[in-house]
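K.L.:
Below is the structure I would like to discuss, written out as structure tokens.
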Amino acid sequence: MSLLKVQELKKHYALKGLLNSKAMVKALDGVSFEVKKKQTLAIVGESGCGKSTLAKTLMGLEEETSGQVFFEGVDSKALKGKSLYQTIQMIFQDPYNSLNPRKTAWKIIAEPLLINQKVSQKEAYERACQLMEKVGLRPEMANRYPHMFSGGQRQRLGIARALILNPKILICDEPISALDVSIQAQVLNLLVELQDQLDLTYLFISHDLNVVKHIADTVLVMYLGKVVEYGRREQIFENPQHPYTRALLEASPNIFEPEKEHNPLAGEPPSPLNPPQGCAFHERCPQATERCKSESPDLQERSSRMVSCFNLGS
Ligand SMILES: Nc1ncnc2c1ncn2[C@@H]1O[C@H](COP(=O)(O)OP(=O)(O)OP(=O)(O)O)[C@@H](O)[C@H]1O
Ligand SMILES: [Mg+2]
């Protein structure tokens, strides 16, 4: 059984426009995937395609418009509150603004424990110090405030806080992109070590395809709230099928072949307030046909992965 199963998840935001008109932003528009225990699913796609909305909806921070989420076969609606936090936790992109500046390091880490479980202050302090060591921070720093830590150390604090309730799944929303390049690899290596030691399952949101290639088992490519391609890492990187996946890969500078030309992706995704008819990608797609302008392709299995495109050959 999959540890996490997401079925046709939708999150639509109603926006009030001019003259009381109403508009709908379909931030997630029918997203489905599964993740097995100890695996890493990378979620990629341009800004605004719905990655953080997916993370927040899975965390219960946003209520879904429709669709279902199952953790080990149990509907997430039956897991609200405490048991949800013990199943899934999240670390954020910005380690500067996601930690309370008025709290000391150990209090920040131990807060979920003090709120959700009956533990003494002493026990919470000790557990926080143990976790500080685990994430590579000296426990002597337990009484310092966030501003006394560097960016990388703050992200380590965020990781410790996310782990204190022993969750099974950790969502990492661009966990290293706000950090200095020189410490990105250290934090990434820490995440890989922790996954191994604690049998964690990761949902890893990233713009950096070189990082994704390094750590993902499976990859989910999103475009305007929908999944366009989803499969094993090797399939996606070595034999991408969707024109959007190909364009993303071509736009990504390859650190292993820096001399190879890369082609930045032309144009921008359409506004989710006014998505085009047919396939959402057709206006930027070199292979688009008349059909793509009027019909929206379904996700279907092709060449050992799921892909939504009419023009794949048979
Ligand atoms: N609270 C909200 N109210 C209305 N629209 C929202 C809200 N949150 C997100 N959106 C919209 O939903 C879409 C998806 O946003 P989201 O933040 O999930 O994208 P993202 O893929 O995480 O982008 P980025 O790579 O920039 O972080 C965007 O069009 C965004 O403007
Ligand atoms: Mg985001």
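Ligands are numbered from 1 in the order shown, residues from 1 within each chain, and chains are lettered A, B, ... in the order they appear in the structure tokens.
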Which residues are near Asn100 of chain A? Cut-off 9 Å, only C-alpha atoms, ignore same chain within fewer than 4 positions. Put them as number ranges by chain.
P.N.:
A: 104, 108, 145-146
K.L.:
Contacts between ligand 2 and chain A, please, where a residue of chain A counts if it comes within 9 Å (with only C-alpha atoms and all ligand atoms); show its shortest atom pair and distance in Å to one decimal, rows by chain and ascending number, as a Markdown table.
P.N.:
| residue | atom | partner | partner_atom_place_in_ligand_line | distance |
| --- | --- | --- | --- | --- |
| A:Ser47 | CA | ligand 2 | 1 (Mg) | 6.8 |
| A:Gly48 | CA | ligand 2 | 1 (Mg) | 7.0 |
| A:Cys49 | CA | ligand 2 | 1 (Mg) | 8.4 |
| A:Gly50 | CA | ligand 2 | 1 (Mg) | 7.0 |
| A:Lys51 | CA | ligand 2 | 1 (Mg) | 5.5 |
| A:Ser52 | CA | ligand 2 | 1 (Mg) | 4.0 |
| A:Thr53 | CA | ligand 2 | 1 (Mg) | 7.2 |
| A:Ala55 | CA | ligand 2 | 1 (Mg) | 8.6 |
| A:Gln93 | CA | ligand 2 | 1 (Mg) | 8.4 |
| A:Asp173 | CA | ligand 2 | 1 (Mg) | 6.8 |
| A:Glu174 | CA | ligand 2 | 1 (Mg) | 7.6 |
| A:Ile205 | CA | ligand 2 | 1 (Mg) | 8.0 |
| A:Ser206 | CA | ligand 2 | 1 (Mg) | 9.0 |
K.L.:
Please produce a file of the residues just selected, as a short mmCIF file (atom, residue, chain, number, x, y, z; two decimals), in the first residue's frame, where the atoms kept are C-alpha atoms.
P.N.:
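Done, and the output landed in out_37.cif:
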data_model
loop_
_atom_site.label_atom_id
_atom_site.label_comp_id
_atom_site.auth_asym_id
_atom_site.auth_seq_id
_atom_site.Cartn_x
_atom_site.Cartn_y
_atom_site.Cartn_z
CA SER A 47 6.27 29.57 -10.48
CA GLY A 48 2.52 29.60 -9.86
CA CYS A 49 1.80 26.04 -11.07
CA GLY A 50 0.44 25.05 -7.65
CA LYS A 51 3.34 23.35 -5.84
CA SER A 52 2.99 25.20 -2.54
CA THR A 53 -0.79 24.98 -2.71
CA ALA A 55 1.91 21.21 0.05
CA GLN A 93 11.83 27.93 1.80
CA ASP A 173 9.17 23.33 -0.15
CA GLU A 174 12.28 24.74 -1.89
CA ILE A 205 9.52 20.82 -4.24
CA SER A 206 12.33 22.33 -6.26
#
K.L.:
Could you list, as a VMD selection string, every residue within 12 Å of Phe310 of chain A, counting only C-alpha atoms and ignoring same-chain residues fewer than 3 positions away?
P.N.:
chain A and resid 228 241 to 243 278 to 279 281 to 282 285 287 to 300 302 307 313 to 314
K.L.:
Might you pull out every residue within 9 Å of Arg144 of chain A, with only C-alpha atoms counted and same-chain residues fewer than 6 positions away left off, and present them as a list in words?
P.N.:
Lys103, Thr104, Ala105 and Trp106 of chain A
K.L.:
Tell me which of A:Arg246, A:Lys80, A:Lys118, A:His207 sits closest to ligand 1, counting only C-alpha atoms and all ligand atoms.
P.N.:
A:His207
K.L.:
Using only C-alpha atoms and all ligand atoms, pick whichever of A:Met306, A:Leu58, A:Ala185, A:Val6 has the shortest atom-to-atom distance to ligand 1.
P.N.:
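Nearest candidate to ligand 1 out of A:Met306, A:Leu58, A:Ala185, A:Val6: A:Leu58.
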K.L.:
Excluding same-chain residues fewer than 6 positions from segment 230-236 of chain A, what lies within 12 Å of it counting only C-alpha atoms, as a ChimeraX atom specification?
P.N.:
/A:31-35,39-45,209-223,242-246,248-249,299-308
K.L.:
Residues as selected, C-alpha atoms, written as a PDB file, in the first residue's frame, can you do that?
P.N.:
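Heads up, here's the output in again13.pdb:
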ATOM      1  CA  VAL A  31      -3.922  16.240  -9.079  1.00  0.00           C
ATOM      2  CA  SER A  32      -3.357  12.498  -8.508  1.00  0.00           C
ATOM      3  CA  PHE A  33      -0.228  10.574  -7.473  1.00  0.00           C
ATOM      4  CA  GLU A  34       1.086   8.011  -4.990  1.00  0.00           C
ATOM      5  CA  VAL A  35       4.248   7.815  -2.922  1.00  0.00           C
ATOM      6  CA  GLN A  39      10.794   7.315  -1.409  1.00  0.00           C
ATOM      7  CA  THR A  40      11.322  10.871  -2.592  1.00  0.00           C
ATOM      8  CA  LEU A  41       8.796  12.407  -4.950  1.00  0.00           C
ATOM      9  CA  ALA A  42      10.052  15.613  -6.540  1.00  0.00           C
ATOM     10  CA  ILE A  43       7.459  18.178  -7.597  1.00  0.00           C
ATOM     11  CA  VAL A  44       8.593  20.515 -10.363  1.00  0.00           C
ATOM     12  CA  GLY A  45       7.086  23.224 -12.538  1.00  0.00           C
ATOM     13  CA  LEU A 209      16.477  20.003 -11.782  1.00  0.00           C
ATOM     14  CA  ASN A 210      20.088  19.125 -10.960  1.00  0.00           C
ATOM     15  CA  VAL A 211      19.038  18.667  -7.325  1.00  0.00           C
ATOM     16  CA  VAL A 212      15.935  16.725  -8.364  1.00  0.00           C
ATOM     17  CA  LYS A 213      18.020  14.424 -10.531  1.00  0.00           C
ATOM     18  CA  HIS A 214      20.251  13.762  -7.545  1.00  0.00           C
ATOM     19  CA  ILE A 215      17.624  12.899  -4.937  1.00  0.00           C
ATOM     20  CA  ALA A 216      14.275  11.952  -6.518  1.00  0.00           C
ATOM     21  CA  ASP A 217      12.887   8.464  -7.012  1.00  0.00           C
ATOM     22  CA  THR A 218       9.829   9.742  -8.849  1.00  0.00           C
ATOM     23  CA  VAL A 219       9.050  13.112 -10.441  1.00  0.00           C
ATOM     24  CA  LEU A 220       5.737  14.941 -10.827  1.00  0.00           C
ATOM     25  CA  VAL A 221       5.727  17.718 -13.444  1.00  0.00           C
ATOM     26  CA  MET A 222       2.965  20.301 -12.948  1.00  0.00           C
ATOM     27  CA  TYR A 223       1.612  22.973 -15.270  1.00  0.00           C
ATOM     28  CA  HIS A 242       5.638  15.770 -22.550  1.00  0.00           C
ATOM     29  CA  PRO A 243       6.781  18.829 -24.548  1.00  0.00           C
ATOM     30  CA  TYR A 244       6.689  20.832 -21.312  1.00  0.00           C
ATOM     31  CA  THR A 245       8.977  18.390 -19.483  1.00  0.00           C
ATOM     32  CA  ARG A 246      11.356  18.514 -22.448  1.00  0.00           C
ATOM     33  CA  LEU A 248      12.020  22.405 -18.662  1.00  0.00           C
ATOM     34  CA  LEU A 249      14.965  20.041 -19.075  1.00  0.00           C
ATOM     35  CA  LEU A 299      -3.282  11.802 -18.099  1.00  0.00           C
ATOM     36  CA  GLN A 300      -2.629   8.316 -19.457  1.00  0.00           C
ATOM     37  CA  GLU A 301       0.055   5.676 -19.277  1.00  0.00           C
ATOM     38  CA  ARG A 302       2.603   5.880 -22.094  1.00  0.00           C
ATOM     39  CA  SER A 303       6.181   4.551 -22.216  1.00  0.00           C
ATOM     40  CA  SER A 304       6.097   3.461 -18.532  1.00  0.00           C
ATOM     41  CA  ARG A 305       4.939   6.782 -17.086  1.00  0.00           C
ATOM     42  CA  MET A 306       1.816   8.936 -16.943  1.00  0.00           C
ATOM     43  CA  VAL A 307       1.624  11.776 -19.443  1.00  0.00           C
ATOM     44  CA  SER A 308      -1.066  14.104 -20.797  1.00  0.00           C
TER      45      SER A 308
END
K.L.:
List the spatial neighbours of Gln121 of chain A as a ChimeraX atom specification - criterion: any atom at most 12 Å away, only C-alpha atoms, same-chain residues fewer than 4 positions off excluded.
P.N.:
/A:106-107,110-111,113-115,117,125-128
K.L.:
Determine which residues of segment 143-247 of chain A receive a DSSP assignment of helix (DSSP H, G or I), computed from the backbone, and state them as a PyMOL selection string.
P.N.:
chain A and resi 143+146-148+151-163+181-198+209-215+233-238+243-247
K.L.:
May I have the residues from that selection written out with C-alpha atoms, as a PDB file, in the first residue's frame?
P.N.:
ATOM      1  CA  ASN A 143      18.953  29.081  24.436  1.00  0.00           C
ATOM      2  CA  PRO A 146      16.908  32.688  15.663  1.00  0.00           C
ATOM      3  CA  HIS A 147      18.771  35.892  14.677  1.00  0.00           C
ATOM      4  CA  MET A 148      21.908  34.476  16.314  1.00  0.00           C
ATOM      5  CA  GLY A 151      20.717  30.854   7.315  1.00  0.00           C
ATOM      6  CA  GLY A 152      21.876  27.240   7.076  1.00  0.00           C
ATOM      7  CA  GLN A 153      21.623  26.792  10.853  1.00  0.00           C
ATOM      8  CA  ARG A 154      18.125  28.247  10.817  1.00  0.00           C
ATOM      9  CA  GLN A 155      17.050  25.768   8.167  1.00  0.00           C
ATOM     10  CA  ARG A 156      18.461  23.048  10.461  1.00  0.00           C
ATOM     11  CA  LEU A 157      16.268  24.435  13.265  1.00  0.00           C
ATOM     12  CA  GLY A 158      13.261  24.232  10.946  1.00  0.00           C
ATOM     13  CA  ILE A 159      14.131  20.631  10.119  1.00  0.00           C
ATOM     14  CA  ALA A 160      14.458  19.737  13.836  1.00  0.00           C
ATOM     15  CA  ARG A 161      11.088  21.324  14.556  1.00  0.00           C
ATOM     16  CA  ALA A 162       9.476  19.387  11.698  1.00  0.00           C
ATOM     17  CA  LEU A 163      10.891  16.122  13.044  1.00  0.00           C
ATOM     18  CA  VAL A 181      25.148  28.350  -2.537  1.00  0.00           C
ATOM     19  CA  SER A 182      28.117  27.275  -0.409  1.00  0.00           C
ATOM     20  CA  ILE A 183      25.856  25.659   2.213  1.00  0.00           C
ATOM     21  CA  GLN A 184      23.089  24.285  -0.019  1.00  0.00           C
ATOM     22  CA  ALA A 185      24.864  20.944  -0.428  1.00  0.00           C
ATOM     23  CA  GLN A 186      25.344  20.563   3.345  1.00  0.00           C
ATOM     24  CA  VAL A 187      21.643  20.980   4.053  1.00  0.00           C
ATOM     25  CA  LEU A 188      20.747  18.684   1.157  1.00  0.00           C
ATOM     26  CA  ASN A 189      23.139  16.022   2.445  1.00  0.00           C
ATOM     27  CA  LEU A 190      21.618  16.345   5.917  1.00  0.00           C
ATOM     28  CA  LEU A 191      18.150  15.733   4.455  1.00  0.00           C
ATOM     29  CA  VAL A 192      19.422  12.645   2.620  1.00  0.00           C
ATOM     30  CA  GLU A 193      21.057  11.291   5.820  1.00  0.00           C
ATOM     31  CA  LEU A 194      17.960  11.931   7.912  1.00  0.00           C
ATOM     32  CA  GLN A 195      15.771  10.175   5.357  1.00  0.00           C
ATOM     33  CA  ASP A 196      17.966   7.116   5.627  1.00  0.00           C
ATOM     34  CA  GLN A 197      18.213   7.122   9.435  1.00  0.00           C
ATOM     35  CA  LEU A 198      14.550   7.840  10.122  1.00  0.00           C
ATOM     36  CA  LEU A 209      16.477  20.003 -11.782  1.00  0.00           C
ATOM     37  CA  ASN A 210      20.088  19.125 -10.960  1.00  0.00           C
ATOM     38  CA  VAL A 211      19.038  18.667  -7.325  1.00  0.00           C
ATOM     39  CA  VAL A 212      15.935  16.725  -8.364  1.00  0.00           C
ATOM     40  CA  LYS A 213      18.020  14.424 -10.531  1.00  0.00           C
ATOM     41  CA  HIS A 214      20.251  13.762  -7.545  1.00  0.00           C
ATOM     42  CA  ILE A 215      17.624  12.899  -4.937  1.00  0.00           C
ATOM     43  CA  ARG A 233      13.234   9.694 -12.296  1.00  0.00           C
ATOM     44  CA  GLU A 234      15.155   7.835 -15.033  1.00  0.00           C
ATOM     45  CA  GLN A 235      12.123   7.895 -17.329  1.00  0.00           C
ATOM     46  CA  ILE A 236      11.568  11.600 -16.852  1.00  0.00           C
ATOM     47  CA  PHE A 237      15.198  12.667 -17.221  1.00  0.00           C
ATOM     48  CA  GLU A 238      16.362  10.234 -19.897  1.00  0.00           C
ATOM     49  CA  PRO A 243       6.781  18.829 -24.548  1.00  0.00           C
ATOM     50  CA  TYR A 244       6.689  20.832 -21.312  1.00  0.00           C
ATOM     51  CA  THR A 245       8.977  18.390 -19.483  1.00  0.00           C
ATOM     52  CA  ARG A 246      11.356  18.514 -22.448  1.00  0.00           C
ATOM     53  CA  ALA A 247      11.310  22.303 -22.424  1.00  0.00           C
TER      54      ALA A 247
END
K.L.:
Tell me, which residues of segment 18-238 of chain A carry DSSP strand (DSSP E), written as number ranges by chain?
P.N.:
A: 22-35, 40-44, 66-71, 74-75, 88-91, 169-173, 201-205, 218-223, 226-232
K.L.:
Nearest to ligand 1: which of A:Ile164, A:Val227, A:Val119, A:Leu131 is it, counting only C-alpha atoms and all ligand atoms?
P.N.:
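Using only C-alpha atoms and all ligand atoms, ligand 1 sits closest to A:Val227.
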K.L.:
In Å, rounded to a single decimal, give me how far atom CA of Gly267 of chain A is from atom 22 (O, counted along the ligand's line) of ligand 1.
P.N.:
18.5 Å
K.L.:
Check the smallest atom-to-atom distance from each of A:Pro95, A:Pro272, A:Pro286, A:Pro240 to Met24 of chain A using only C-alpha atoms, then report the winner.
P.N.:
A:Pro272
K.L.:
Which residues come within 8 Å of Asp199 of chain A, counting only C-alpha atoms, excluding same-chain residues fewer than 6 positions away, as a VMD selection string?
P.N.:
chain A and resid 37 to 38 168
K.L.:
Just C-alpha atoms for this one: save the residues we selected as a short mmCIF file (atom, residue, chain, number, x, y, z; two decimals), in the first residue's frame.
P.N.:
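See result22.cif below for the written result:
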data_model
loop_
_atom_site.label_atom_id
_atom_site.label_comp_id
_atom_site.auth_asym_id
_atom_site.auth_seq_id
_atom_site.Cartn_x
_atom_site.Cartn_y
_atom_site.Cartn_z
CA LYS A 37 7.46 4.66 2.05
CA LYS A 38 11.10 5.93 2.11
CA LYS A 168 6.47 9.75 8.38
#
K.L.:
At what distance in Å, to one decimal, does atom CA of Leu15 of chain A lie from atom 31 (O, counted along the ligand's line) of ligand 1?
P.N.:
10.4 Å
K.L.:
For ligand 1, which of A:Pro175, A:Pro253, A:Pro264, A:Gly225 is the closest residue, counting only C-alpha atoms and all ligand atoms?
P.N.:
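That would be A:Gly225, the residue with the smallest distance to ligand 1.
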